[in-house]
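Everything below concerns the one structure shown next.
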Amino acid sequence: MTARRDERHSRSIAPVRIHIHELAQLYNSLDPSPFWDRDLDRNAAEFIEGEFRERPWADTWHLIVHVRTGEADAQTLQSALESYYDRLTTSTRRELREHLRSARLGLLAGLALFGMFMGARALLRATVPAMPTAVDEGLIILAWLTLWRPAETLAYEWLPLYRRQRLYARLRAVRVNVQLERHVATSTNKLATPNEVGHKT
């Protein structure tokens, strides 16, 4: 029983390991801000997001960074990561609100057009008894088409934004550990280049 509880507990923690030359590789080199407020390098961020996106089952996410040179400054990286994903969480939440607002306005416009086409159909049927079937059915199709796109936007297209917001919110809480690995590289164990981010899981 104890072994099973320990196994369940171990499955609730998902570690992702990154092997790099120095911590500076994880930061955006064009950002002149202090480290704690700097953006992450987008390639490194996409790698981190992709790895943790595949581990939604874990209660806790751990980012373990192995560096070859420099200082093992986990606190700086932790602060930068929290700041970076806090901004992304906020901007994505704002984008989601704007998307839903636009979708609701689009649905109202669609409903107005739907009423206009159906009203025109009813008027023509009343004034033109022998109205061609093509015209009658065409007005019905146009009426429903005005609702199709707004309804799709409101019903489905918000989901990717919501998922991205949740991912960023979880990444904001990732626990960071930096381990310094000082050793001489051989021909079969080369150092990472400044633009190279390797990993083990």
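Letters A, B, ... go to the chains of the structure tokens in the order shown; residues in each chain start at 1; ligands are counted from 1 in the same order.
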
Selection: 10 Å around Gly106 in chain A, only C-alpha atoms, excl. self and same-chain fewer than 6 positions, as a PyMOL selection string:
chain A and resi 100+112+146-147+149-151+153-154

Could you save those same residues with all heavy atoms as a PDB file, in the first residue's frame?
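Result went into selection_34.pdb, see below:
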```
ATOM      1  N   LEU A 100     -14.058  36.951 -27.088  1.00  0.00           N
ATOM      2  CA  LEU A 100     -15.442  36.656 -26.720  1.00  0.00           C
ATOM      3  C   LEU A 100     -16.345  37.860 -26.947  1.00  0.00           C
ATOM      4  O   LEU A 100     -17.497  37.708 -27.387  1.00  0.00           O
ATOM      5  CB  LEU A 100     -15.507  36.201 -25.261  1.00  0.00           C
ATOM      6  CG  LEU A 100     -14.847  34.847 -24.959  1.00  0.00           C
ATOM      7  CD1 LEU A 100     -14.857  34.573 -23.463  1.00  0.00           C
ATOM      8  CD2 LEU A 100     -15.551  33.723 -25.714  1.00  0.00           C
ATOM      9  N   ALA A 112     -29.174  39.861 -36.649  1.00  0.00           N
ATOM     10  CA  ALA A 112     -29.863  40.952 -37.346  1.00  0.00           C
ATOM     11  C   ALA A 112     -29.977  40.645 -38.838  1.00  0.00           C
ATOM     12  O   ALA A 112     -31.042  40.846 -39.454  1.00  0.00           O
ATOM     13  CB  ALA A 112     -29.109  42.260 -37.132  1.00  0.00           C
ATOM     14  N   THR A 146     -25.327  33.695 -42.364  1.00  0.00           N
ATOM     15  CA  THR A 146     -24.964  34.851 -41.539  1.00  0.00           C
ATOM     16  C   THR A 146     -24.748  34.466 -40.076  1.00  0.00           C
ATOM     17  O   THR A 146     -24.067  35.185 -39.334  1.00  0.00           O
ATOM     18  CB  THR A 146     -26.056  35.930 -41.610  1.00  0.00           C
ATOM     19  OG1 THR A 146     -27.305  35.383 -41.140  1.00  0.00           O
ATOM     20  CG2 THR A 146     -26.215  36.455 -43.029  1.00  0.00           C
ATOM     21  N   LEU A 147     -25.327  33.351 -39.660  1.00  0.00           N
ATOM     22  CA  LEU A 147     -25.150  32.889 -38.274  1.00  0.00           C
ATOM     23  C   LEU A 147     -24.017  31.887 -38.132  1.00  0.00           C
ATOM     24  O   LEU A 147     -23.493  31.703 -37.018  1.00  0.00           O
ATOM     25  CB  LEU A 147     -26.449  32.226 -37.779  1.00  0.00           C
ATOM     26  CG  LEU A 147     -27.645  33.128 -37.532  1.00  0.00           C
ATOM     27  CD1 LEU A 147     -28.827  32.296 -37.062  1.00  0.00           C
ATOM     28  CD2 LEU A 147     -27.304  34.197 -36.495  1.00  0.00           C
ATOM     29  N   ARG A 149     -20.699  31.632 -39.162  1.00  0.00           N
ATOM     30  CA  ARG A 149     -19.377  32.065 -38.730  1.00  0.00           C
ATOM     31  C   ARG A 149     -19.376  32.636 -37.309  1.00  0.00           C
ATOM     32  O   ARG A 149     -18.541  32.249 -36.486  1.00  0.00           O
ATOM     33  CB  ARG A 149     -18.827  33.088 -39.727  1.00  0.00           C
ATOM     34  CG  ARG A 149     -17.453  33.635 -39.361  1.00  0.00           C
ATOM     35  CD  ARG A 149     -16.442  32.525 -39.252  1.00  0.00           C
ATOM     36  NE  ARG A 149     -15.136  33.025 -38.876  1.00  0.00           N
ATOM     37  CZ  ARG A 149     -14.132  32.268 -38.459  1.00  0.00           C
ATOM     38  NH1 ARG A 149     -14.287  30.959 -38.386  1.00  0.00           N
ATOM     39  NH2 ARG A 149     -12.987  32.805 -38.138  1.00  0.00           N
ATOM     40  N   PRO A 150     -20.293  33.540 -36.939  1.00  0.00           N
ATOM     41  CA  PRO A 150     -20.318  34.034 -35.559  1.00  0.00           C
ATOM     42  C   PRO A 150     -20.540  32.929 -34.532  1.00  0.00           C
ATOM     43  O   PRO A 150     -19.933  32.927 -33.461  1.00  0.00           O
ATOM     44  CB  PRO A 150     -21.481  35.040 -35.553  1.00  0.00           C
ATOM     45  CG  PRO A 150     -21.617  35.459 -36.964  1.00  0.00           C
ATOM     46  CD  PRO A 150     -21.269  34.267 -37.785  1.00  0.00           C
ATOM     47  N   ALA A 151     -21.425  31.963 -34.873  1.00  0.00           N
ATOM     48  CA  ALA A 151     -21.690  30.862 -33.940  1.00  0.00           C
ATOM     49  C   ALA A 151     -20.449  29.990 -33.765  1.00  0.00           C
ATOM     50  O   ALA A 151     -20.120  29.562 -32.651  1.00  0.00           O
ATOM     51  CB  ALA A 151     -22.863  30.025 -34.436  1.00  0.00           C
ATOM     52  N   THR A 153     -17.300  30.930 -34.142  1.00  0.00           N
ATOM     53  CA  THR A 153     -16.317  31.706 -33.388  1.00  0.00           C
ATOM     54  C   THR A 153     -16.620  31.691 -31.894  1.00  0.00           C
ATOM     55  O   THR A 153     -15.724  31.499 -31.066  1.00  0.00           O
ATOM     56  CB  THR A 153     -16.296  33.159 -33.899  1.00  0.00           C
ATOM     57  OG1 THR A 153     -15.967  33.161 -35.291  1.00  0.00           O
ATOM     58  CG2 THR A 153     -15.274  33.986 -33.138  1.00  0.00           C
ATOM     59  N   LEU A 154     -17.894  31.871 -31.568  1.00  0.00           N
ATOM     60  CA  LEU A 154     -18.275  31.915 -30.160  1.00  0.00           C
ATOM     61  C   LEU A 154     -18.230  30.546 -29.503  1.00  0.00           C
ATOM     62  O   LEU A 154     -17.866  30.412 -28.334  1.00  0.00           O
ATOM     63  CB  LEU A 154     -19.683  32.505 -30.034  1.00  0.00           C
ATOM     64  CG  LEU A 154     -20.196  32.771 -28.615  1.00  0.00           C
ATOM     65  CD1 LEU A 154     -19.311  33.791 -27.908  1.00  0.00           C
ATOM     66  CD2 LEU A 154     -21.639  33.256 -28.648  1.00  0.00           C
TER      67      LEU A 154
END
```

Could you list, as a VMD selection string, every residue within 10 Å of range 50-65 of chain A, counting only C-alpha atoms and ignoring same-chain residues fewer than 2 positions away?
chain A and resid 9 to 20 22 to 23 26 44 to 48 67 72 74 77 to 78 163 to 164 167 to 168 170 to 171 173 to 180 199 to 201

So that I have them on file, write out the residues from the current selection with C-alpha atoms, as a PDB file, in the first residue's frame.
```
ATOM      1  CA  HIS A   9       3.016  10.763  -5.552  1.00  0.00           C
ATOM      2  CA  SER A  10       5.995  10.435  -7.903  1.00  0.00           C
ATOM      3  CA  ARG A  11       3.669  10.597 -10.905  1.00  0.00           C
ATOM      4  CA  SER A  12       2.360  13.979  -9.720  1.00  0.00           C
ATOM      5  CA  ILE A  13       5.749  15.628 -10.352  1.00  0.00           C
ATOM      6  CA  ALA A  14       6.926  16.169 -13.928  1.00  0.00           C
ATOM      7  CA  PRO A  15      10.577  17.182 -14.431  1.00  0.00           C
ATOM      8  CA  VAL A  16      11.946  18.614 -17.658  1.00  0.00           C
ATOM      9  CA  ARG A  17      15.716  18.783 -18.085  1.00  0.00           C
ATOM     10  CA  ILE A  18      17.590  21.245 -20.274  1.00  0.00           C
ATOM     11  CA  HIS A  19      21.321  21.046 -21.000  1.00  0.00           C
ATOM     12  CA  ILE A  20      22.899  24.333 -22.092  1.00  0.00           C
ATOM     13  CA  GLU A  22      25.248  29.042 -19.937  1.00  0.00           C
ATOM     14  CA  LEU A  23      22.087  30.564 -18.509  1.00  0.00           C
ATOM     15  CA  LEU A  26      17.613  31.192 -22.010  1.00  0.00           C
ATOM     16  CA  ALA A  44      13.862  28.246 -25.353  1.00  0.00           C
ATOM     17  CA  ALA A  45      10.349  29.248 -24.223  1.00  0.00           C
ATOM     18  CA  GLU A  46       8.720  27.229 -27.021  1.00  0.00           C
ATOM     19  CA  PHE A  47      10.768  24.190 -26.043  1.00  0.00           C
ATOM     20  CA  ILE A  48       9.756  24.543 -22.373  1.00  0.00           C
ATOM     21  CA  VAL A  67      24.716  24.518 -17.277  1.00  0.00           C
ATOM     22  CA  ALA A  72      23.940  28.313 -11.019  1.00  0.00           C
ATOM     23  CA  ALA A  74      18.240  29.578 -10.039  1.00  0.00           C
ATOM     24  CA  LEU A  77      15.887  32.363 -13.756  1.00  0.00           C
ATOM     25  CA  GLN A  78      12.892  31.699 -11.494  1.00  0.00           C
ATOM     26  CA  ARG A 163      -5.842  26.404 -23.127  1.00  0.00           C
ATOM     27  CA  ARG A 164      -2.894  28.703 -23.816  1.00  0.00           C
ATOM     28  CA  LEU A 167      -0.609  26.678 -19.842  1.00  0.00           C
ATOM     29  CA  TYR A 168       0.998  30.065 -19.207  1.00  0.00           C
ATOM     30  CA  ARG A 170       0.911  26.832 -14.883  1.00  0.00           C
ATOM     31  CA  LEU A 171       4.302  27.713 -16.347  1.00  0.00           C
ATOM     32  CA  ALA A 173       4.417  28.434 -11.157  1.00  0.00           C
ATOM     33  CA  VAL A 174       7.134  26.089 -12.475  1.00  0.00           C
ATOM     34  CA  ARG A 175       9.817  25.301  -9.906  1.00  0.00           C
ATOM     35  CA  VAL A 176      13.301  26.006 -11.238  1.00  0.00           C
ATOM     36  CA  ASN A 177      16.508  24.220 -10.298  1.00  0.00           C
ATOM     37  CA  VAL A 178      19.893  25.039 -11.869  1.00  0.00           C
ATOM     38  CA  GLN A 179      22.780  22.601 -11.639  1.00  0.00           C
ATOM     39  CA  LEU A 180      26.329  23.530 -12.587  1.00  0.00           C
ATOM     40  CA  HIS A 199      17.135  18.230 -23.331  1.00  0.00           C
ATOM     41  CA  LYS A 200      16.535  14.985 -21.585  1.00  0.00           C
ATOM     42  CA  THR A 201      13.308  13.866 -20.057  1.00  0.00           C
TER      43      THR A 201
END
```

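Residue nearest Thr76 in chain A, chosen from A:Leu108, A:Leu88, A:Ala120, A:Ala24 and counting only C-alpha atoms: A:Ala24.
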
From a DSSP calculation on the backbone, collect every residue of range 11-199 of chain A in alpha helix (DSSP H) and output the set as a ChimeraX atom specification.
/A:11,42-53,74-127,133-155,158-172

Residue contacts of Ile141 in chain A (12 Å, only C-alpha atoms) excluding same-chain residues fewer than 4 positions away, as an mmCIF file with C-alpha atoms, in the first residue's frame:
```cif
data_model
loop_
_atom_site.group_PDB
_atom_site.id
_atom_site.type_symbol
_atom_site.label_atom_id
_atom_site.label_comp_id
_atom_site.auth_asym_id
_atom_site.auth_seq_id
_atom_site.Cartn_x
_atom_site.Cartn_y
_atom_site.Cartn_z
ATOM 1 C CA LEU A 113 -28.935 39.789 -40.853
ATOM 2 C CA PHE A 114 -30.767 36.508 -40.291
ATOM 3 C CA PHE A 117 -33.143 37.807 -44.894
ATOM 4 C CA MET A 118 -36.004 35.857 -43.365
ATOM 5 C CA ARG A 121 -38.303 36.033 -47.759
ATOM 6 C CA ALA A 134 -34.246 29.109 -56.134
ATOM 7 C CA VAL A 135 -34.899 32.576 -54.685
ATOM 8 C CA ASP A 136 -36.817 31.160 -51.719
ATOM 9 C CA GLU A 137 -34.168 28.603 -50.846
ATOM 10 C CA LEU A 145 -24.883 31.536 -43.382
ATOM 11 C CA THR A 146 -24.964 34.851 -41.539
ATOM 12 C CA LEU A 147 -25.150 32.889 -38.274
ATOM 13 C CA TRP A 148 -22.632 30.154 -39.117
#
```

Tell me, which residues of range 39-118 of chain A carry DSSP strand (DSSP E), written as a PyMOL selection string?
chain A and resi 60-67

Coordinates-based distance that separates CA of Glu49 in chain A from CA of Glu98 in chain A (Å, one decimal):
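That distance, rounded to one decimal, is 23.8 Å.
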
Measure the distance from CA of Arg104 in chain A to CA of Ala122 in chain A in Å and round it to one decimal.
26.8 Å

Check the smallest atom-to-atom distance from each of A:Leu159, A:Ile140, A:Leu40, A:Met131 to Tyr85 in chain A using only C-alpha atoms, then report the winner.
A:Leu40
